[in-house]
Structures are given as structure tokens and as C-alpha cells.
file start35.csv (CSV, C-alpha atoms)
chain,number,residue,atom,x,y,z
A,1,MET,CA,22.5,-41.6,1.5
A,2,GLN,CA,23.6,-38.0,1.4
A,3,VAL,CA,22.3,-35.9,4.3
A,4,ILE,CA,21.6,-32.3,3.5
A,5,ALA,CA,22.0,-30.0,6.4
A,6,GLN,CA,19.0,-27.7,7.2
A,7,ALA,CA,19.7,-24.1,6.3
A,8,PRO,CA,19.7,-21.8,9.3
A,9,VAL,CA,16.6,-19.7,9.8
A,10,THR,CA,17.1,-16.5,7.8
A,11,LEU,CA,15.5,-13.1,7.5
A,12,LEU,CA,16.1,-10.3,5.1
A,13,VAL,CA,14.6,-6.8,5.2
A,14,HIS,CA,14.7,-3.8,3.0
A,15,GLY,CA,13.6,-0.2,3.6
A,16,GLY,CA,13.7,1.0,0.0
A,17,ALA,CA,16.3,1.7,-2.8
A,18,GLY,CA,17.2,5.0,-4.3
A,19,THR,CA,19.5,8.0,-4.2
A,20,LEU,CA,21.5,7.1,-1.1
A,21,THR,CA,25.1,8.2,-0.7
A,22,ARG,CA,27.3,8.9,2.3
A,23,ALA,CA,27.0,12.6,1.6
A,24,ASP,CA,23.3,12.5,2.2
A,25,LEU,CA,23.1,11.2,5.7
A,26,SER,CA,24.6,12.6,8.9
A,27,PRO,CA,26.1,10.0,11.3
A,28,ALA,CA,23.1,10.5,13.6
A,29,GLN,CA,20.6,9.9,10.7
A,30,GLU,CA,22.5,6.8,9.6
A,31,ARG,CA,22.3,5.4,13.2
A,32,GLU,CA,18.6,6.0,13.1
A,33,TYR,CA,18.1,3.9,10.0
A,34,ARG,CA,20.5,1.2,11.1
A,35,ASP,CA,18.7,1.0,14.5
A,36,ALA,CA,15.3,0.7,12.8
A,37,LEU,CA,16.5,-2.0,10.4
A,38,GLY,CA,18.1,-3.8,13.3
A,39,GLN,CA,14.9,-3.8,15.4
A,40,ALA,CA,13.0,-5.2,12.5
A,41,LEU,CA,15.5,-8.0,12.0
A,42,ARG,CA,15.6,-8.9,15.7
A,43,ALA,CA,11.8,-9.0,15.8
A,44,GLY,CA,11.6,-11.5,13.1
A,45,GLN,CA,14.7,-13.4,14.3
A,46,THR,CA,13.2,-13.9,17.7
A,47,LEU,CA,10.1,-15.5,16.2
A,48,LEU,CA,12.1,-17.8,13.9
A,49,LEU,CA,14.3,-19.0,16.7
A,50,GLN,CA,11.2,-19.8,18.8
A,51,GLY,CA,10.0,-22.0,15.9
A,52,GLY,CA,7.7,-19.4,14.4
A,53,THR,CA,6.7,-19.5,10.7
A,54,ALA,CA,8.4,-17.6,8.0
A,55,LEU,CA,5.2,-15.7,7.3
A,56,ASP,CA,4.8,-14.5,10.9
A,57,ALA,CA,8.5,-13.5,11.0
A,58,ALA,CA,8.3,-11.5,7.8
A,59,VAL,CA,5.1,-9.8,8.9
A,60,ALA,CA,6.6,-8.9,12.3
A,61,ALA,CA,9.6,-7.4,10.7
A,62,VAL,CA,7.5,-5.3,8.3
A,63,CYS,CA,5.3,-4.1,11.2
A,64,VAL,CA,8.3,-2.6,13.0
A,65,LEU,CA,9.2,-0.7,9.8
A,66,GLU,CA,5.6,0.4,9.3
A,67,ASP,CA,5.5,1.9,12.8
A,68,CYS,CA,8.7,3.8,12.1
A,69,PRO,CA,8.3,7.2,10.4
A,70,LEU,CA,11.6,6.9,8.7
A,71,PHE,CA,10.2,4.6,6.0
A,72,ASN,CA,7.5,5.0,3.3
A,73,ALA,CA,5.0,2.6,4.8
A,74,GLY,CA,2.5,2.8,7.6
A,75,LYS,CA,3.2,5.9,9.8
A,76,GLY,CA,5.8,7.3,7.4
A,77,SER,CA,3.8,7.0,4.2
A,78,VAL,CA,4.0,9.7,1.5
A,79,PHE,CA,1.1,11.8,0.3
A,80,THR,CA,-1.0,11.6,-2.8
A,81,HIS,CA,-1.7,14.6,-5.1
A,82,GLU,CA,-4.8,15.2,-2.9
A,83,GLY,CA,-2.8,15.2,0.3
A,84,ARG,CA,-3.9,11.7,1.5
A,85,ASN,CA,-2.0,8.7,2.6
A,86,GLU,CA,-3.0,5.7,0.6
A,87,MET,CA,-1.2,2.5,1.5
A,88,ASP,CA,-0.7,-0.9,-0.1
A,89,ALA,CA,0.7,-4.2,1.3
A,90,ALA,CA,0.9,-7.9,0.4
A,91,VAL,CA,2.1,-11.2,1.9
A,92,MET,CA,2.7,-14.6,0.4
A,93,ASP,CA,3.3,-18.0,2.0
A,94,GLY,CA,5.8,-20.1,0.1
A,95,ALA,CA,4.6,-23.3,1.7
A,96,THR,CA,1.0,-23.1,0.6
A,97,GLY,CA,1.0,-20.6,-2.3
A,98,GLN,CA,-1.6,-18.6,-0.5
A,99,ALA,CA,-1.4,-14.8,-0.6
A,100,GLY,CA,-3.2,-11.7,0.6
A,101,ALA,CA,-3.1,-8.0,-0.3
A,102,VAL,CA,-4.7,-4.7,0.3
A,103,ALA,CA,-4.5,-1.4,-1.7
A,104,GLY,CA,-5.5,2.2,-1.1
A,105,VAL,CA,-6.1,1.8,2.6
A,106,VAL,CA,-6.1,5.1,4.5
A,107,SER,CA,-6.7,4.3,8.2
A,108,VAL,CA,-5.1,0.8,8.8
A,109,ARG,CA,-2.2,1.3,11.2
A,110,ASN,CA,-0.3,-1.8,9.8
A,111,PRO,CA,-1.4,-2.6,6.3
A,112,VAL,CA,0.7,-5.7,6.3
A,113,LEU,CA,-1.5,-7.2,9.0
A,114,ALA,CA,-4.6,-6.4,6.9
A,115,ALA,CA,-2.9,-8.3,4.0
A,116,GLN,CA,-2.2,-11.2,6.2
A,117,ALA,CA,-5.8,-11.2,7.4
A,118,VAL,CA,-7.1,-11.2,3.8
A,119,MET,CA,-5.0,-14.2,3.1
A,120,GLN,CA,-6.0,-16.1,6.2
A,121,ARG,CA,-9.6,-15.1,6.8
A,122,SER,CA,-11.3,-13.6,3.7
A,123,GLY,CA,-11.3,-16.3,1.1
A,124,HIS,CA,-9.9,-13.8,-1.3
A,125,VAL,CA,-6.4,-12.6,-2.4
A,126,PHE,CA,-6.9,-8.8,-2.9
A,127,LEU,CA,-9.1,-6.2,-1.3
A,128,MET,CA,-8.9,-2.5,-2.0
A,129,GLY,CA,-10.2,0.8,-0.8
A,130,GLN,CA,-13.3,1.0,1.3
A,131,GLY,CA,-13.8,-2.8,1.1
A,132,ALA,CA,-10.3,-3.4,2.6
A,133,GLU,CA,-11.0,-0.8,5.2
A,134,ALA,CA,-14.3,-2.4,6.2
A,135,PHE,CA,-12.6,-5.9,6.3
A,136,ALA,CA,-9.8,-4.6,8.5
A,137,ARG,CA,-12.3,-3.0,10.9
A,138,ALA,CA,-14.3,-6.2,11.1
A,139,GLN,CA,-11.1,-8.1,11.9
A,140,GLY,CA,-10.4,-5.8,14.9
A,141,LEU,CA,-7.2,-4.4,13.4
A,142,ALA,CA,-5.9,-1.1,14.8
A,143,LEU,CA,-7.1,1.9,12.9
A,144,GLU,CA,-5.8,5.5,13.0
A,145,GLY,CA,-7.0,8.9,11.9
A,146,PRO,CA,-5.2,11.0,9.3
A,147,GLU,CA,-3.1,12.8,11.9
A,148,TYR,CA,-1.3,9.6,12.8
A,149,PHE,CA,0.1,9.3,9.3
A,150,HIS,CA,0.8,13.0,8.8
A,151,THR,CA,4.5,13.7,9.1
A,152,ALA,CA,6.0,17.1,8.4
A,153,HIS,CA,8.8,15.9,6.1
A,154,ARG,CA,6.4,13.9,4.0
A,155,TRP,CA,4.1,16.9,3.7
A,156,GLN,CA,7.1,19.0,2.6
A,157,GLN,CA,7.9,16.3,0.0
A,158,LEU,CA,4.5,16.7,-1.4
A,159,GLN,CA,4.8,20.5,-1.6
A,160,THR,CA,8.1,20.1,-3.5
A,161,ALA,CA,6.6,17.6,-5.9
A,162,LEU,CA,3.5,19.8,-6.5
A,163,ALA,CA,5.7,22.8,-7.2
A,164,GLN,CA,7.8,20.8,-9.7
A,165,ASN,CA,4.7,19.0,-11.1
A,166,GLN,CA,6.5,15.7,-10.6
A,167,VAL,CA,5.6,12.3,-9.2
A,168,MET,CA,8.6,11.3,-7.1
A,169,LEU,CA,10.1,8.2,-5.7
A,170,ASP,CA,10.4,9.0,-2.1
A,171,HIS,CA,14.2,8.5,-2.1
A,172,ASP,CA,14.9,10.9,-4.8
A,173,GLY,CA,13.2,14.1,-3.9
A,174,HIS,CA,15.0,17.1,-5.3
A,175,ARG,CA,17.8,15.2,-6.8
A,176,SER,CA,15.4,13.8,-9.4
A,177,GLN,CA,15.4,17.3,-10.8
A,178,GLY,CA,19.2,17.8,-10.5
A,179,GLN,CA,18.8,20.2,-7.7
A,180,PRO,CA,20.3,20.0,-4.2
A,181,ALA,CA,17.7,19.2,-1.5
A,182,PRO,CA,17.4,21.6,1.4
A,183,GLU,CA,17.3,18.6,3.8
A,184,PRO,CA,18.8,15.3,2.9
A,185,ILE,CA,16.0,13.5,4.7
A,186,ASP,CA,13.8,14.2,1.7
A,187,ARG,CA,15.4,11.4,-0.2
A,188,LYS,CA,15.8,8.8,2.5
A,189,PHE,CA,12.6,6.8,2.8
A,190,GLY,CA,11.2,3.8,1.1
A,191,THR,CA,8.9,0.9,0.6
A,192,VAL,CA,9.6,-1.8,3.2
A,193,GLY,CA,9.7,-5.6,2.9
A,194,ALA,CA,10.9,-8.8,4.4
A,195,VAL,CA,11.6,-12.4,3.3
A,196,ALA,CA,12.1,-15.3,5.7
A,197,LEU,CA,13.1,-18.9,5.9
A,198,ASP,CA,11.9,-20.8,8.9
A,199,ALA,CA,13.1,-23.9,10.7
A,200,GLN,CA,10.7,-26.1,8.7
A,201,GLY,CA,12.3,-24.9,5.5
A,202,HIS,CA,9.4,-22.8,4.4
A,203,LEU,CA,9.7,-19.3,2.8
A,204,ALA,CA,7.5,-16.2,2.9
A,205,ALA,CA,7.5,-12.6,1.7
A,206,ALA,CA,5.8,-9.4,2.9
A,207,THR,CA,5.9,-5.9,1.4
A,208,SER,CA,4.3,-2.6,2.4
A,209,THR,CA,4.4,0.9,0.9
A,210,GLY,CA,2.8,4.3,0.8
A,211,GLY,CA,3.6,4.5,-2.9
A,212,MET,CA,5.0,7.6,-4.7
A,213,THR,CA,4.8,11.2,-3.6
A,214,ASN,CA,2.2,13.2,-5.6
A,215,LYS,CA,0.7,10.0,-7.1
A,216,MET,CA,-2.7,10.2,-8.8
A,217,PHE,CA,-5.7,9.2,-6.8
A,218,GLY,CA,-6.2,5.4,-6.8
A,219,ARG,CA,-2.7,4.6,-8.1
A,220,VAL,CA,-1.5,1.2,-7.1
A,221,GLY,CA,2.1,0.1,-7.4
A,222,ASP,CA,3.8,-3.2,-7.5
A,223,SER,CA,4.0,-3.9,-3.8
A,224,PRO,CA,0.5,-5.5,-3.4
A,225,LEU,CA,0.6,-7.3,-6.7
A,226,ILE,CA,1.5,-10.9,-6.3
A,227,GLY,CA,4.3,-11.7,-8.7
A,228,ALA,CA,5.3,-8.1,-9.3
A,229,GLY,CA,6.6,-6.8,-6.0
A,230,THR,CA,5.9,-9.7,-3.7
A,231,TYR,CA,6.3,-13.5,-4.3
A,232,ALA,CA,7.1,-16.7,-2.4
A,233,CYS,CA,7.4,-20.3,-3.4
A,234,ASP,CA,9.2,-23.0,-1.3
A,235,ALA,CA,10.5,-24.6,-4.5
A,236,THR,CA,12.3,-21.5,-5.7
A,237,ALA,CA,12.4,-18.2,-3.7
A,238,ALA,CA,10.8,-15.5,-1.6
A,239,VAL,CA,11.1,-12.0,-3.1
A,240,SER,CA,10.2,-8.5,-2.0
A,241,ALA,CA,10.9,-5.5,-4.3
A,242,THR,CA,11.2,-1.8,-4.0
A,243,GLY,CA,11.6,1.0,-6.5
A,244,ALA,CA,9.7,2.4,-9.5
A,245,GLY,CA,6.7,0.2,-9.3
A,246,GLU,CA,5.5,0.5,-12.9
A,247,PHE,CA,8.7,-1.2,-14.1
A,248,PHE,CA,8.3,-4.0,-11.6
A,249,MET,CA,4.7,-4.5,-12.7
A,250,ARG,CA,5.5,-4.6,-16.4
A,251,GLY,CA,8.4,-7.1,-15.8
A,252,VAL,CA,6.6,-9.2,-13.2
A,253,VAL,CA,9.9,-9.0,-11.5
A,254,ALA,CA,9.4,-11.0,-8.3
A,255,HIS,CA,7.9,-14.0,-10.1
A,256,ASP,CA,10.4,-13.7,-12.9
A,257,ILE,CA,13.2,-14.4,-10.5
A,258,ALA,CA,11.4,-17.5,-9.3
A,259,ALA,CA,10.5,-18.6,-12.8
A,260,ARG,CA,14.1,-18.4,-14.0
A,261,MET,CA,15.0,-20.8,-11.2
A,262,ALA,CA,12.1,-23.2,-11.8
A,263,TYR,CA,12.2,-23.3,-15.6
A,264,GLY,CA,15.8,-22.4,-16.4
A,265,GLY,CA,17.6,-24.1,-13.5
A,266,LEU,CA,19.4,-20.9,-12.5
A,267,SER,CA,20.7,-20.3,-9.0
A,268,LEU,CA,19.1,-17.6,-6.9
A,269,ALA,CA,22.1,-15.3,-7.6
A,270,GLU,CA,22.0,-15.9,-11.4
A,271,ALA,CA,18.2,-15.5,-11.6
A,272,THR,CA,18.2,-12.3,-9.6
A,273,GLN,CA,21.0,-10.7,-11.6
A,274,ALA,CA,19.4,-11.7,-14.9
A,275,THR,CA,16.0,-10.3,-14.0
A,276,LEU,CA,17.4,-7.0,-12.8
A,277,HIS,CA,19.4,-6.6,-15.9
A,278,GLU,CA,16.7,-7.6,-18.4
A,279,LYS,CA,13.6,-6.2,-16.6
A,280,LEU,CA,15.1,-3.1,-15.0
A,281,ASP,CA,18.4,-2.0,-16.4
A,282,ALA,CA,17.3,-2.6,-20.0
A,283,THR,CA,14.1,-0.7,-19.6
A,284,GLY,CA,15.3,2.2,-17.4
A,285,GLY,CA,13.7,1.0,-14.2
A,286,ARG,CA,15.3,1.7,-10.9
A,287,GLY,CA,15.1,-0.2,-7.7
A,288,GLY,CA,16.1,-3.5,-6.0
A,289,VAL,CA,15.0,-6.7,-4.5
A,290,ILE,CA,15.7,-8.9,-1.5
A,291,ALA,CA,15.5,-12.6,-2.4
A,292,LEU,CA,16.0,-15.8,-0.4
A,293,ASP,CA,15.9,-19.6,-1.3
A,294,ARG,CA,15.2,-22.6,0.9
A,295,HIS,CA,18.9,-23.3,1.2
A,296,GLY,CA,19.5,-20.0,3.0
A,297,HIS,CA,21.2,-18.4,-0.1
A,298,TYR,CA,20.2,-14.8,-0.4
A,299,GLN,CA,20.5,-11.7,-2.5
A,300,LEU,CA,20.2,-8.0,-1.7
A,301,ALA,CA,20.4,-6.6,-5.2
A,302,PHE,CA,19.7,-3.1,-6.6
A,303,ASN,CA,20.8,-0.8,-9.5
A,304,THR,CA,20.5,2.5,-7.5
A,305,GLU,CA,23.1,4.3,-5.4
A,306,GLY,CA,21.9,2.5,-2.3
A,307,MET,CA,19.3,0.4,-0.6
A,308,TYR,CA,18.4,0.2,3.1
A,309,ARG,CA,18.9,-3.5,3.8
A,310,GLY,CA,19.8,-6.1,6.3
A,311,VAL,CA,20.1,-9.9,7.0
A,312,VAL,CA,20.2,-12.1,10.0
A,313,GLN,CA,20.8,-15.9,10.0
A,314,GLY,CA,20.5,-18.3,12.9
A,315,GLU,CA,21.5,-16.7,16.2
A,316,GLY,CA,23.9,-14.4,14.6
A,317,PRO,CA,23.9,-10.6,14.8
A,318,PRO,CA,22.1,-8.5,12.2
A,319,GLN,CA,24.1,-7.3,9.3
A,320,ILE,CA,23.0,-4.0,7.9
A,321,ALA,CA,24.0,-1.9,5.0
A,322,ILE,CA,22.8,1.2,3.2
A,323,TYR,CA,25.3,2.3,0.4
A,324,ARG,CA,26.4,0.4,-2.7
A,325,ASP,CA,29.9,-0.2,-1.3
call {"tool": "encode", "arguments": {"input": "start35.csv", "output": "C-alpha cells"}}
result
Amino acid sequence: MQVIAQAPVTLLVHGGAGTLTRADLSPAQEREYRDALGQALRAGQTLLLQGGTALDAAVAAVCVLEDCPLFNAGKGSVFTHEGRNEMDAAVMDGATGQAGAVAGVVSVRNPVLAAQAVMQRSGHVFLMGQGAEAFARAQGLALEGPEYFHTAHRWQQLQTALAQNQVMLDHDGHRSQGQPAPEPIDRKFGTVGAVALDAQGHLAAATSTGGMTNKMFGRVGDSPLIGAGTYACDATAAVSATGAGEFFMRGVVAHDIAARMAYGGLSLAEATQATLHEKLDATGGRGGVIALDRHGHYQLAFNTEGMYRGVVQGEGPPQIAIYRD
């Protein structure tokens, strides 16, 4: 009888994909991003090595990134047209198929924890707005006032977007208009996510975002939509996406990767590349995904200039990258 070795525990994270080149970041700024991604990877890795679940590891990694103002989630979330921070998040457990999501929350410190609570304790999959806020409060989750989420660089991004009458992906800022940005930091933030494989061979995914700068009131992107920006199934893959959410919603990108594996027999790499080509490249969508299967195979794929990303396996050190090369 053939014995198949258990894949090492694995965790992938992303901090968004977009206009990211070496000319945009100073050495000090690059270190900040690498340090933050490293902290997220180590937080999840520690849980996995202690026998924790893939879901708990993915959530722990995302919490670190939500607490960091460098990324467009939690504390660093972008502003809506009205000058509010409206945040979305989702989680999915590949072992059980259960999922939870919140959208349009404005005071929850860690939206990903609210999504996890929805999955585990609400009997529902998706709560939004005031209902999600009330549920988070009832669960004893940490809440913050608007001042906690208000960061100067995000406010400036909104003023630029308003002046140009544009809805902007947080990475692109001025470059989306073909203009140089006064500060490179304007284009260096993104939706965050994590996918994990635990010692029991189970998968999970978690994603959190502040959305798009200058978005309309009530706009919800792909991140909290199960199958679009977040998906996990032990039989196929765990996926977390980042980028122009409307394209990921139309293409049901996260689930499409898993479906190509389940129905077409494609490998994770083949499925990921096919989905990005047919669902993003062919339609003009921009962004990327992190994807992981139960054998420990993984993909950090994107069609933009860069994507904040990292991976750690077993007891090894975190591997972090930002640029395409």
C-alpha cells in the first residue's frame, strides 16, 4: 500500500495587488511591509505548529494585518464617498463547508473576527450593516470609534479621488490617472487575506477589506462574497482574492479555481492560471489570488505589477515578496 506523506502545515497571506514597483517604495517603506507580512505569517504559523486549525490560523494572520495601518482592512481602511470607513470580511472552513461574512461594518475593530463569529454562532452566513454591528456587539467583539480608523494618508486618498471624480483601487492612486503621486504611499495598500493548511489536512480561507476609495454608499465588493473573493474546500483548494472586486464577483473567481480542479481534474497551478486568464485577463480585470491545496501546493498569482504576499511552511522561515520579479 502506498503511503502518502502528510503535507507540512502551510500558510499564505496577501496584502493586496496593484501598481507596485521598486521605484514606488523606499527601503524603509519596503521593510515596513515585509515586517508586517512576516508578523502575520508567524502568528498563523505558531498556531498551526501547536496543532491549531487552519481557520484559526488564517483568522489570526488576517487580524495582524487588520491592526496594521499599512493595509486596506481594519485600521487602514479607505474612505467611502461620504468619508466613512465601511469594511467587509469573510471566512470559510474547508473541512465543513461552513462560512461567515459581514459587510458594511463601521466600528468592528477586526471584521474578520465578526465573520468568524457569524459562521460559528449566528446560524447564518452573511450579516450586513447595522445587523452585523449589533451581532458583533452582542458577541463582545472589540469596537472602535471613527477616529480609530481615520488615517491621514487614507483621507488624502479620498480627497484626490474626489477631485478626480474617480473610484480608486487603493494601490493605484494617482497612477490610475497617468499622473505621478506626490507620495508613493498613496498606491501601496490593499485588501488582506490568508489561506491555511493544518496538521489534520484541512483548509481554510479568510479575507478582509475596506473596499475602494470613494466607493458609493453601501457598495460591497468580492471579499465577503463566498465563491467570489473567498472560498475553501478540503477536496480542492482554499482561495483568497484581491483586486477590482466587480470582476471577481462576475467571474466567481475563487470558486472557479476550485471548480476547475473538481470537475476538470486540473492541478492547483493549472486551475489558477486558467481562471486568471479567462476571468480577469480576458475581461480587463486586475488583481490576484493566493491559493492552496491539501497537498501543500500553493499559488501566489496576479496580473498586476506586484502583490504583497508571503508563505510559510512547517517550521521554516517566512518567504515574502512584493514585486513581480
call {"tool": "residues_around", "arguments": {"input": "start35.csv", "residues": "A:Ser77", "least_positions_apart": "4", "cutoff": "7 Å", "atoms": "all atoms listed in the file", "output": "JSON list (two decimals) with C-alpha atoms, keeping the file's coordinate frame"}}
result
[["chain", "number", "residue", "atom", "x", "y", "z"],
["A", 72, "ASN", "CA", 7.50, 5.00, 3.30],
["A", 73, "ALA", "CA", 5.00, 2.60, 4.80],
["A", 85, "ASN", "CA", -2.00, 8.70, 2.60],
["A", 149, "PHE", "CA", 0.10, 9.30, 9.30],
["A", 209, "THR", "CA", 4.40, 0.90, 0.90],
["A", 210, "GLY", "CA", 2.80, 4.30, 0.80]]
call {"tool": "atom_distance", "arguments": {"input": "start35.csv", "atom1": "atom CA of A:Ala54", "atom2": "atom CA of A:Leu197"}}
result
5.3 Å
call {"tool": "atom_distance", "arguments": {"input": "start35.csv", "atom1": "atom CA of A:Thr191", "atom2": "atom CA of A:Ala321"}}
result
16.0 Å
call {"tool": "residues_around", "arguments": {"input": "start35.csv", "residues": "stretch 220-222 of chain A", "least_positions_apart": "4", "cutoff": "9 Å", "atoms": "only C-alpha atoms", "output": "JSON list (two decimals) with C-alpha atoms, in the frame of the given file"}}
result
[["chain", "number", "residue", "atom", "x", "y", "z"],
["A", 87, "MET", "CA", -1.20, 2.50, 1.50],
["A", 88, "ASP", "CA", -0.70, -0.90, -0.10],
["A", 103, "ALA", "CA", -4.50, -1.40, -1.70],
["A", 104, "GLY", "CA", -5.50, 2.20, -1.10],
["A", 209, "THR", "CA", 4.40, 0.90, 0.90],
["A", 211, "GLY", "CA", 3.60, 4.50, -2.90],
["A", 212, "MET", "CA", 5.00, 7.60, -4.70],
["A", 226, "ILE", "CA", 1.50, -10.90, -6.30],
["A", 227, "GLY", "CA", 4.30, -11.70, -8.70],
["A", 228, "ALA", "CA", 5.30, -8.10, -9.30],
["A", 229, "GLY", "CA", 6.60, -6.80, -6.00],
["A", 230, "THR", "CA", 5.90, -9.70, -3.70],
["A", 241, "ALA", "CA", 10.90, -5.50, -4.30],
["A", 242, "THR", "CA", 11.20, -1.80, -4.00],
["A", 243, "GLY", "CA", 11.60, 1.00, -6.50],
["A", 244, "ALA", "CA", 9.70, 2.40, -9.50],
["A", 245, "GLY", "CA", 6.70, 0.20, -9.30],
["A", 246, "GLU", "CA", 5.50, 0.50, -12.90],
["A", 247, "PHE", "CA", 8.70, -1.20, -14.10],
["A", 248, "PHE", "CA", 8.30, -4.00, -11.60],
["A", 249, "MET", "CA", 4.70, -4.50, -12.70],
["A", 252, "VAL", "CA", 6.60, -9.20, -13.20]]
call {"tool": "closest_residue", "arguments": {"input": "start35.csv", "among": "A:Val102, A:Val64, A:Ala291, A:Ala43", "to": "A:Leu203", "atoms": "only C-alpha atoms"}}
result
A:Ala291
call {"tool": "build_atoms", "arguments": {"input": "start35.csv", "residues": "stretch 291-314 of chain A", "atoms": "N, CA and C atoms", "output": "PDB file, in the frame of the given file"}}
result
ATOM      1  N   ALA A 291      15.938 -11.323  -1.953  1.00  0.00           N
ATOM      2  CA  ALA A 291      15.500 -12.600  -2.400  1.00  0.00           C
ATOM      3  C   ALA A 291      16.193 -13.714  -1.581  1.00  0.00           C
ATOM      4  N   LEU A 292      15.474 -14.800  -1.322  1.00  0.00           N
ATOM      5  CA  LEU A 292      16.000 -15.800  -0.400  1.00  0.00           C
ATOM      6  C   LEU A 292      15.465 -17.192  -0.906  1.00  0.00           C
ATOM      7  N   ASP A 293      16.335 -18.222  -0.896  1.00  0.00           N
ATOM      8  CA  ASP A 293      15.900 -19.600  -1.300  1.00  0.00           C
ATOM      9  C   ASP A 293      15.880 -20.475  -0.032  1.00  0.00           C
ATOM     10  N   ARG A 294      15.391 -21.709  -0.199  1.00  0.00           N
ATOM     11  CA  ARG A 294      15.200 -22.600   0.900  1.00  0.00           C
ATOM     12  C   ARG A 294      16.533 -23.152   1.474  1.00  0.00           C
ATOM     13  N   HIS A 295      17.612 -22.917   0.754  1.00  0.00           N
ATOM     14  CA  HIS A 295      18.900 -23.300   1.200  1.00  0.00           C
ATOM     15  C   HIS A 295      19.628 -22.249   2.030  1.00  0.00           C
ATOM     16  N   GLY A 296      18.958 -21.126   2.203  1.00  0.00           N
ATOM     17  CA  GLY A 296      19.500 -20.000   3.000  1.00  0.00           C
ATOM     18  C   GLY A 296      20.399 -19.102   2.127  1.00  0.00           C
ATOM     19  N   HIS A 297      20.458 -19.347   0.809  1.00  0.00           N
ATOM     20  CA  HIS A 297      21.200 -18.400  -0.100  1.00  0.00           C
ATOM     21  C   HIS A 297      20.318 -17.165  -0.228  1.00  0.00           C
ATOM     22  N   TYR A 298      20.947 -16.022  -0.266  1.00  0.00           N
ATOM     23  CA  TYR A 298      20.200 -14.800  -0.400  1.00  0.00           C
ATOM     24  C   TYR A 298      20.852 -13.758  -1.249  1.00  0.00           C
ATOM     25  N   GLN A 299      20.030 -12.822  -1.727  1.00  0.00           N
ATOM     26  CA  GLN A 299      20.500 -11.700  -2.500  1.00  0.00           C
ATOM     27  C   GLN A 299      19.849 -10.426  -2.054  1.00  0.00           C
ATOM     28  N   LEU A 300      20.659  -9.372  -1.958  1.00  0.00           N
ATOM     29  CA  LEU A 300      20.200  -8.000  -1.700  1.00  0.00           C
ATOM     30  C   LEU A 300      20.699  -7.183  -2.845  1.00  0.00           C
ATOM     31  N   ALA A 301      19.928  -7.111  -3.917  1.00  0.00           N
ATOM     32  CA  ALA A 301      20.400  -6.600  -5.200  1.00  0.00           C
ATOM     33  C   ALA A 301      19.660  -5.335  -5.602  1.00  0.00           C
ATOM     34  N   PHE A 302      20.375  -4.372  -6.190  1.00  0.00           N
ATOM     35  CA  PHE A 302      19.700  -3.100  -6.600  1.00  0.00           C
ATOM     36  C   PHE A 302      20.597  -2.439  -7.653  1.00  0.00           C
ATOM     37  N   ASN A 303      20.002  -1.533  -8.423  1.00  0.00           N
ATOM     38  CA  ASN A 303      20.800  -0.800  -9.500  1.00  0.00           C
ATOM     39  C   ASN A 303      20.756   0.690  -9.199  1.00  0.00           C
ATOM     40  N   THR A 304      20.523   1.066  -7.958  1.00  0.00           N
ATOM     41  CA  THR A 304      20.500   2.500  -7.500  1.00  0.00           C
ATOM     42  C   THR A 304      21.792   2.726  -6.695  1.00  0.00           C
ATOM     43  N   GLU A 305      21.930   3.971  -6.203  1.00  0.00           N
ATOM     44  CA  GLU A 305      23.100   4.300  -5.400  1.00  0.00           C
ATOM     45  C   GLU A 305      23.132   3.557  -4.064  1.00  0.00           C
ATOM     46  N   GLY A 306      21.967   3.190  -3.592  1.00  0.00           N
ATOM     47  CA  GLY A 306      21.900   2.500  -2.300  1.00  0.00           C
ATOM     48  C   GLY A 306      20.585   1.834  -2.082  1.00  0.00           C
ATOM     49  N   MET A 307      20.522   0.997  -1.038  1.00  0.00           N
ATOM     50  CA  MET A 307      19.300   0.400  -0.600  1.00  0.00           C
ATOM     51  C   MET A 307      19.396   0.084   0.877  1.00  0.00           C
ATOM     52  N   TYR A 308      18.438   0.541   1.673  1.00  0.00           N
ATOM     53  CA  TYR A 308      18.400   0.200   3.100  1.00  0.00           C
ATOM     54  C   TYR A 308      18.141  -1.322   3.143  1.00  0.00           C
ATOM     55  N   ARG A 309      19.008  -2.077   3.800  1.00  0.00           N
ATOM     56  CA  ARG A 309      18.900  -3.500   3.800  1.00  0.00           C
ATOM     57  C   ARG A 309      19.582  -4.180   4.928  1.00  0.00           C
ATOM     58  N   GLY A 310      19.178  -5.411   5.231  1.00  0.00           N
ATOM     59  CA  GLY A 310      19.800  -6.100   6.300  1.00  0.00           C
ATOM     60  C   GLY A 310      19.463  -7.608   6.259  1.00  0.00           C
ATOM     61  N   VAL A 311      20.271  -8.422   6.922  1.00  0.00           N
ATOM     62  CA  VAL A 311      20.100  -9.900   7.000  1.00  0.00           C
ATOM     63  C   VAL A 311      20.503 -10.385   8.320  1.00  0.00           C
ATOM     64  N   VAL A 312      19.815 -11.428   8.776  1.00  0.00           N
ATOM     65  CA  VAL A 312      20.200 -12.100  10.000  1.00  0.00           C
ATOM     66  C   VAL A 312      19.998 -13.617   9.748  1.00  0.00           C
ATOM     67  N   GLN A 313      20.962 -14.429  10.181  1.00  0.00           N
ATOM     68  CA  GLN A 313      20.800 -15.900  10.000  1.00  0.00           C
ATOM     69  C   GLN A 313      21.107 -16.559  11.354  1.00  0.00           C
ATOM     70  N   GLY A 314      20.300 -17.569  11.665  1.00  0.00           N
ATOM     71  CA  GLY A 314      20.500 -18.300  12.900  1.00  0.00           C
ATOM     72  C   GLY A 314      20.434 -17.372  14.112  1.00  0.00           C
TER      73      GLY A 314
END
